[in-house]
Each structure stands twice: as structure tokens, then as C-alpha cells.
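Below: one structure, written as C-alpha cells.
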Amino acid sequence: MTPWWTDWLQPSTGLPTLEWALLLAVVALAGHAVYRGLGLPRMVGYTLVGGLAGWLGFSGATWPMHGVGLFLLQLGMTVVLFEAGTRLPIRWFLHNPMVLVQSLLEAVLTFALTFLLLRWWGEPASVARMVAMVALAASPATLLRLVHELRAAGPVTDRALVLASLNNLYALVLGGAMAAQSAPDLAGWAAVWPPLRLLGTSLLLAVVLAAVIHLAWRTMRHGSESAAVFIVAILAASVTVADQLHGSAPLVALMAGAMLRYAPVRPMVWQRHFEGVSGLLVMLMFVLVATTAAQMAWSVPILLIVFSLVLVRVLCKVLGVVAGSWRSGMGPVKCVWLGLALMPMSATALLLTTQFASQHPQAARMSAIALPLILVCEVLGAVCAAFALRAARETVQVANTPAMEGRHDA
């Protein structure tokens, strides 16, 4: 029997709109309570409430993701990776190439050992390969939120953002190409073409996007609030355009942000307003990830696999970064904190899982492992990354600073 209030709400906004509005209100309160009461990152509150809503059968997020939900997820990722791109110091790699070595070591080690562990658990090679690609990507969104909340700054913070951005680059290119292949065992040119097409298309779109945004900066630099709204709007448009041209909107935003870092007009002019516009999108992105991931059927065998993957993934991140620390300008102890800061997973992993789920016949099994893994790493990863940044002594305690109170309630 249909409740009477669904008919009453239908002529105006509809029940889904009310559900989302109330859910986001509860999420905001939970994030504030977790931060002020327990000293944990706000993302933990967002994720726990979103996960509980998904577990209780919240109808606003369905799996596989499609339509408006998928668009909002991509838009949130695009905004986050654009900001991460503006922090990506490309010239730094020329002076310190060992940072790239660290990035490649931790990425390859994470993919390889995750794949081998899943094969040991008896999973098919195609499932192991897809989940390993999902496990590769860290979460720049979580790190950026922690930077804003904890006022984190220093070598560990900067390098964590760089490594997270780089392994999102790897995951989006290779994972997107893997998802685009109609057959999982293509060879020769047929295997090389998808990643080249994805990277080439995304690079061309990034050049166009960077040029458009740069012109906006030059003409609207005295009206930074309008410029921030323009940036979000043009990033939203790039999501649709990139999909139609077989590119990746988050990858386009990451590369465009990296190009604009060295533009004559710097992005810092409107950053405060941009944070305000993007804050709701980022919160919504965390909730979408949690509500979607929590809808899977959890069981003891799945939990055993997931927690073994979490442990191996953290070890791979730490060992890869420590192994590449020689002549990297960072000591082994700080590299341990750096590896721990790379534990969070979030929207990039969910987007890759969605792409795999729409293309591969063994999507159900892959989703049954990947989605709980994403949810666990989103919660534990935020706590672990906050601990690592504090242990590296790169954070500012702001809980008892009234003057900064208003800037930490996003």
C-alpha cells in the first residue's frame, strides 16, 4: 500500500527530493558532531550516515549508478580533481624525479599484490584485475577536505596530494580503457588504442578547458565569486562533453588544473569562493559513494576478502613509498606517514566500478568485492590519513579557535 504522503508530495517536489534534502541535513549535522565531539574528520560522519541510509534501503541511490546520480558523482570528482590539478607541481618532477618513482612503485605494487591476493582467494582473473585497478586509486577529495579542516601544510601533505593525483591519473586512463574494451583479452593495437584515445581526447579537451577558464580569470578576476560560479558551471558542461567524445571529465579537469597552475593569472584569486560553491558537491559525492556501496549484500566471506585487501593495500602504499624514498628528499619515517595518508578511497574507485559493472559479464562478483572495499577504505582511510598528517606534525589544531569556526563547517 502506497503511503498517502507520496501522492501529496508528487505535485510539488516529489518524495526523492525530500529524502535527499533530509539526508543531507542529517549528514551535515553528523559531520559536525563527529568532528567536534570525537575529533574525527567530517567525512567519517558523512560516510557513516550515508552508509546507514544505503543499508536501510535508501531509494535515492541505485546500483549500477546512472542518470542524475552518476552525473553528480562525476561532477563532484571533476571539481575535486580540478583543485588537485592546480596543486600539481609539474616542474617539481624535473628537479626531483624520484617523486615519480615513488608514485609508480606504490601504484604497481598495489595493483600487483591486490591481483595476486584475489587470485589466492580463488577469484577469476578478470575480477581480480578489475578490483586491483579500483584499489589503485587514492582519494584526493578526502585529502583536500583534511587539508581544509586540519589546516595541514608541509612536505607530507603536499606529496600525498601529488601521489593521490598521479594514481588517479593512472587509474582513470588504464581503468577507463579497460572498461571500454569489449573483450578482456585484446592484444596488439586493439589493446593499445583505448588508453591512447582516452588520454588523447582528454588532453585536447583539457587544453580547451584551460584556455576558456584562463580567459574567464582575466576578465573576471575582480569579481571572484562570479568567476567561481563560472568555473563550476563550465566543469559541469565538460562532464557531458567528455562523455560524448569518449574522454574522461575528471581526467580533463585534473590536466586542465595542472596547466592553469602556471598561467599568468593564478587561481588563488577565487579559491575561497570556489570552496564555498564546491563544498556541497563534495559532501554529496561522499554521501553518494557511501549510500551506493552500502547496498551490497555483506557476508562473512566477503568481509574476510575485503579486510585482507585493506591490509595489503595499506602495506603496498607504505612499502612502495618507502622503497622510493632514496634521494627523494623525504626520510623513511615521513614516508611511512605519507603511505598511510594514501589509504582513503572514494569517488574515483566508485566511478571505475560503475564503468566495469556496465561492461563486463562478471560485474556482480566484482561489485560485491569492490563496493564494500570502497566503503571501508573511505571510513578507515579518512581516520588513517588524519592520523598520519597529525603524526607528521603538519596540522593546526583549530577546534578551540573561535575565529576560524566559520571556515570549518562545510
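Residue names in the C-alpha cells use chain letters A, B, ... in the order shown, residue numbers from 1 in each chain, and ligand numbers from 1 in the order shown.
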Handout entry: Residue contacts of Gln74 (chain A) (9 Å, only C-alpha atoms) excluding same-chain residues fewer than 4 positions away, as a list in words
Key = Gly69, Leu70, Thr78, Val79, Ala236, Val239, Ala249, Pro250, Met285, Ala347, Thr348 and Leu351 of chain A
Just the selected residues (C-alpha atoms), exported as a PDB file, in the first residue's frame, please.
ATOM      1  CA  GLY A  69      23.303  10.241  -9.581  1.00  0.00           C
ATOM      2  CA  LEU A  70      26.146   9.319 -11.933  1.00  0.00           C
ATOM      3  CA  THR A  78      35.666  16.836 -11.647  1.00  0.00           C
ATOM      4  CA  VAL A  79      35.589  19.742  -9.186  1.00  0.00           C
ATOM      5  CA  ALA A 236      29.653  20.654 -15.274  1.00  0.00           C
ATOM      6  CA  VAL A 239      31.234  16.222 -17.915  1.00  0.00           C
ATOM      7  CA  ALA A 249      35.777  14.502 -17.448  1.00  0.00           C
ATOM      8  CA  PRO A 250      37.690  14.012 -14.149  1.00  0.00           C
ATOM      9  CA  MET A 285      29.793  12.955  -3.504  1.00  0.00           C
ATOM     10  CA  ALA A 347      34.648   8.604  -5.873  1.00  0.00           C
ATOM     11  CA  THR A 348      37.272   7.581  -8.455  1.00  0.00           C
ATOM     12  CA  LEU A 351      33.291   5.569 -10.924  1.00  0.00           C
TER      13      LEU A 351
END
Problem - Residue neighbourhood region 148-163 of chain A, 8 Å, only C-alpha atoms, exclusion window fewer than 4 positions, as JSON, numbers by chain - result: {"A": [41, 84, 87, 88, 89, 103, 140, 143, 144, 167, 334, 335, 337, 338, 339, 341, 342, 389, 392, 394, 395, 396, 397, 398, 408]}
Write out, as a PDB file, in the first residue's frame, the residues just selected, with N, CA and C atoms.
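Dumped to part-v1.pdb:
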ATOM      1  N   PRO A  41      37.631  13.268  11.297  1.00  0.00           N
ATOM      2  CA  PRO A  41      37.283  14.063  10.105  1.00  0.00           C
ATOM      3  C   PRO A  41      35.777  14.049   9.838  1.00  0.00           C
ATOM      4  N   ALA A  84      42.770  19.655  -7.282  1.00  0.00           N
ATOM      5  CA  ALA A  84      44.003  18.886  -7.090  1.00  0.00           C
ATOM      6  C   ALA A  84      45.005  19.190  -8.192  1.00  0.00           C
ATOM      7  N   ARG A  87      47.182  22.117  -7.744  1.00  0.00           N
ATOM      8  CA  ARG A  87      48.236  21.907  -6.740  1.00  0.00           C
ATOM      9  C   ARG A  87      49.324  20.949  -7.238  1.00  0.00           C
ATOM     10  N   LEU A  88      49.238  20.525  -8.491  1.00  0.00           N
ATOM     11  CA  LEU A  88      50.181  19.531  -9.017  1.00  0.00           C
ATOM     12  C   LEU A  88      51.393  20.247  -9.612  1.00  0.00           C
ATOM     13  N   PRO A  89      52.567  20.170  -8.968  1.00  0.00           N
ATOM     14  CA  PRO A  89      53.746  20.915  -9.425  1.00  0.00           C
ATOM     15  C   PRO A  89      54.536  20.140 -10.483  1.00  0.00           C
ATOM     16  N   SER A 103      55.720   7.240  -6.896  1.00  0.00           N
ATOM     17  CA  SER A 103      54.342   7.071  -7.361  1.00  0.00           C
ATOM     18  C   SER A 103      54.172   5.773  -8.138  1.00  0.00           C
ATOM     19  N   PRO A 140      41.928  12.041  -3.651  1.00  0.00           N
ATOM     20  CA  PRO A 140      42.281  13.445  -3.447  1.00  0.00           C
ATOM     21  C   PRO A 140      41.196  14.220  -2.727  1.00  0.00           C
ATOM     22  N   LEU A 143      41.766  13.905   0.991  1.00  0.00           N
ATOM     23  CA  LEU A 143      42.958  14.653   1.395  1.00  0.00           C
ATOM     24  C   LEU A 143      42.711  16.160   1.356  1.00  0.00           C
ATOM     25  N   LEU A 144      42.015  16.635   0.314  1.00  0.00           N
ATOM     26  CA  LEU A 144      41.733  18.065   0.233  1.00  0.00           C
ATOM     27  C   LEU A 144      40.817  18.525   1.369  1.00  0.00           C
ATOM     28  N   ASN A 167      48.067   8.750  -8.999  1.00  0.00           N
ATOM     29  CA  ASN A 167      47.475   7.431  -9.197  1.00  0.00           C
ATOM     30  C   ASN A 167      46.009   7.493  -9.590  1.00  0.00           C
ATOM     31  N   LYS A 334      58.924   9.773   7.570  1.00  0.00           N
ATOM     32  CA  LYS A 334      57.884  10.584   6.940  1.00  0.00           C
ATOM     33  C   LYS A 334      57.241   9.852   5.766  1.00  0.00           C
ATOM     34  N   CYS A 335      58.000   8.987   5.114  1.00  0.00           N
ATOM     35  CA  CYS A 335      57.424   8.208   4.026  1.00  0.00           C
ATOM     36  C   CYS A 335      56.380   7.218   4.549  1.00  0.00           C
ATOM     37  N   TRP A 337      54.344   7.899   7.075  1.00  0.00           N
ATOM     38  CA  TRP A 337      53.140   8.731   7.215  1.00  0.00           C
ATOM     39  C   TRP A 337      52.545   9.049   5.853  1.00  0.00           C
ATOM     40  N   LEU A 338      53.404   9.247   4.866  1.00  0.00           N
ATOM     41  CA  LEU A 338      52.922   9.517   3.515  1.00  0.00           C
ATOM     42  C   LEU A 338      52.135   8.330   2.965  1.00  0.00           C
ATOM     43  N   GLY A 339      52.652   7.127   3.153  1.00  0.00           N
ATOM     44  CA  GLY A 339      51.944   5.938   2.684  1.00  0.00           C
ATOM     45  C   GLY A 339      50.605   5.759   3.365  1.00  0.00           C
ATOM     46  N   ALA A 341      48.764   8.128   4.514  1.00  0.00           N
ATOM     47  CA  ALA A 341      47.857   9.174   4.034  1.00  0.00           C
ATOM     48  C   ALA A 341      47.210   8.817   2.705  1.00  0.00           C
ATOM     49  N   LEU A 342      47.751   7.818   2.017  1.00  0.00           N
ATOM     50  CA  LEU A 342      47.192   7.399   0.728  1.00  0.00           C
ATOM     51  C   LEU A 342      46.147   6.300   0.867  1.00  0.00           C
ATOM     52  N   LEU A 389      48.748  12.778   9.032  1.00  0.00           N
ATOM     53  CA  LEU A 389      49.102  14.190   8.924  1.00  0.00           C
ATOM     54  C   LEU A 389      49.405  14.795  10.291  1.00  0.00           C
ATOM     55  N   ALA A 392      52.807  13.534  11.393  1.00  0.00           N
ATOM     56  CA  ALA A 392      53.876  14.245  10.680  1.00  0.00           C
ATOM     57  C   ALA A 392      54.021  15.689  11.152  1.00  0.00           C
ATOM     58  N   GLU A 394      52.017  18.325  10.748  1.00  0.00           N
ATOM     59  CA  GLU A 394      51.742  19.282   9.680  1.00  0.00           C
ATOM     60  C   GLU A 394      50.339  19.861   9.778  1.00  0.00           C
ATOM     61  N   THR A 395      49.678  19.704  10.923  1.00  0.00           N
ATOM     62  CA  THR A 395      48.319  20.211  11.076  1.00  0.00           C
ATOM     63  C   THR A 395      48.285  21.303  12.126  1.00  0.00           C
ATOM     64  N   VAL A 396      47.228  22.105  12.074  1.00  0.00           N
ATOM     65  CA  VAL A 396      46.989  23.158  13.057  1.00  0.00           C
ATOM     66  C   VAL A 396      45.721  22.789  13.809  1.00  0.00           C
ATOM     67  N   GLN A 397      45.766  22.789  15.131  1.00  0.00           N
ATOM     68  CA  GLN A 397      44.585  22.486  15.932  1.00  0.00           C
ATOM     69  C   GLN A 397      43.658  23.698  15.917  1.00  0.00           C
ATOM     70  N   VAL A 398      42.456  23.509  15.361  1.00  0.00           N
ATOM     71  CA  VAL A 398      41.546  24.645  15.212  1.00  0.00           C
ATOM     72  C   VAL A 398      40.269  24.475  16.016  1.00  0.00           C
ATOM     73  N   HIS A 408      35.090  26.065   9.006  1.00  0.00           N
ATOM     74  CA  HIS A 408      35.250  24.613   9.138  1.00  0.00           C
ATOM     75  C   HIS A 408      33.916  23.901   9.222  1.00  0.00           C
TER      76      HIS A 408
END
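Here CA of Leu198 (chain A) and CA of Gly247 (chain A) stand 5.0 Å from one another.
For Ala211 (chain A), the list of residues within 12 Å, based on only C-alpha atoms and with local chain neighbours fewer than 3 positions off taken out, reads Leu204, Leu205, Ala206, Val207, Val208, His214, Leu215, Ala216, Trp217, Arg218, Ile231, Ile234, Ala256, Gly257, Met259, Leu260, Ala263, Pro264 and Val265 of chain A.
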Handout entry: Secondary structure check, helix (DSSP H, G or I) residues of region 9-221 of chain A, as a PyMOL selection string
Key = chain A and resi 9+15-38+42-55+67-86+90-95+98-120+125-136+140-150+155-180+189-220
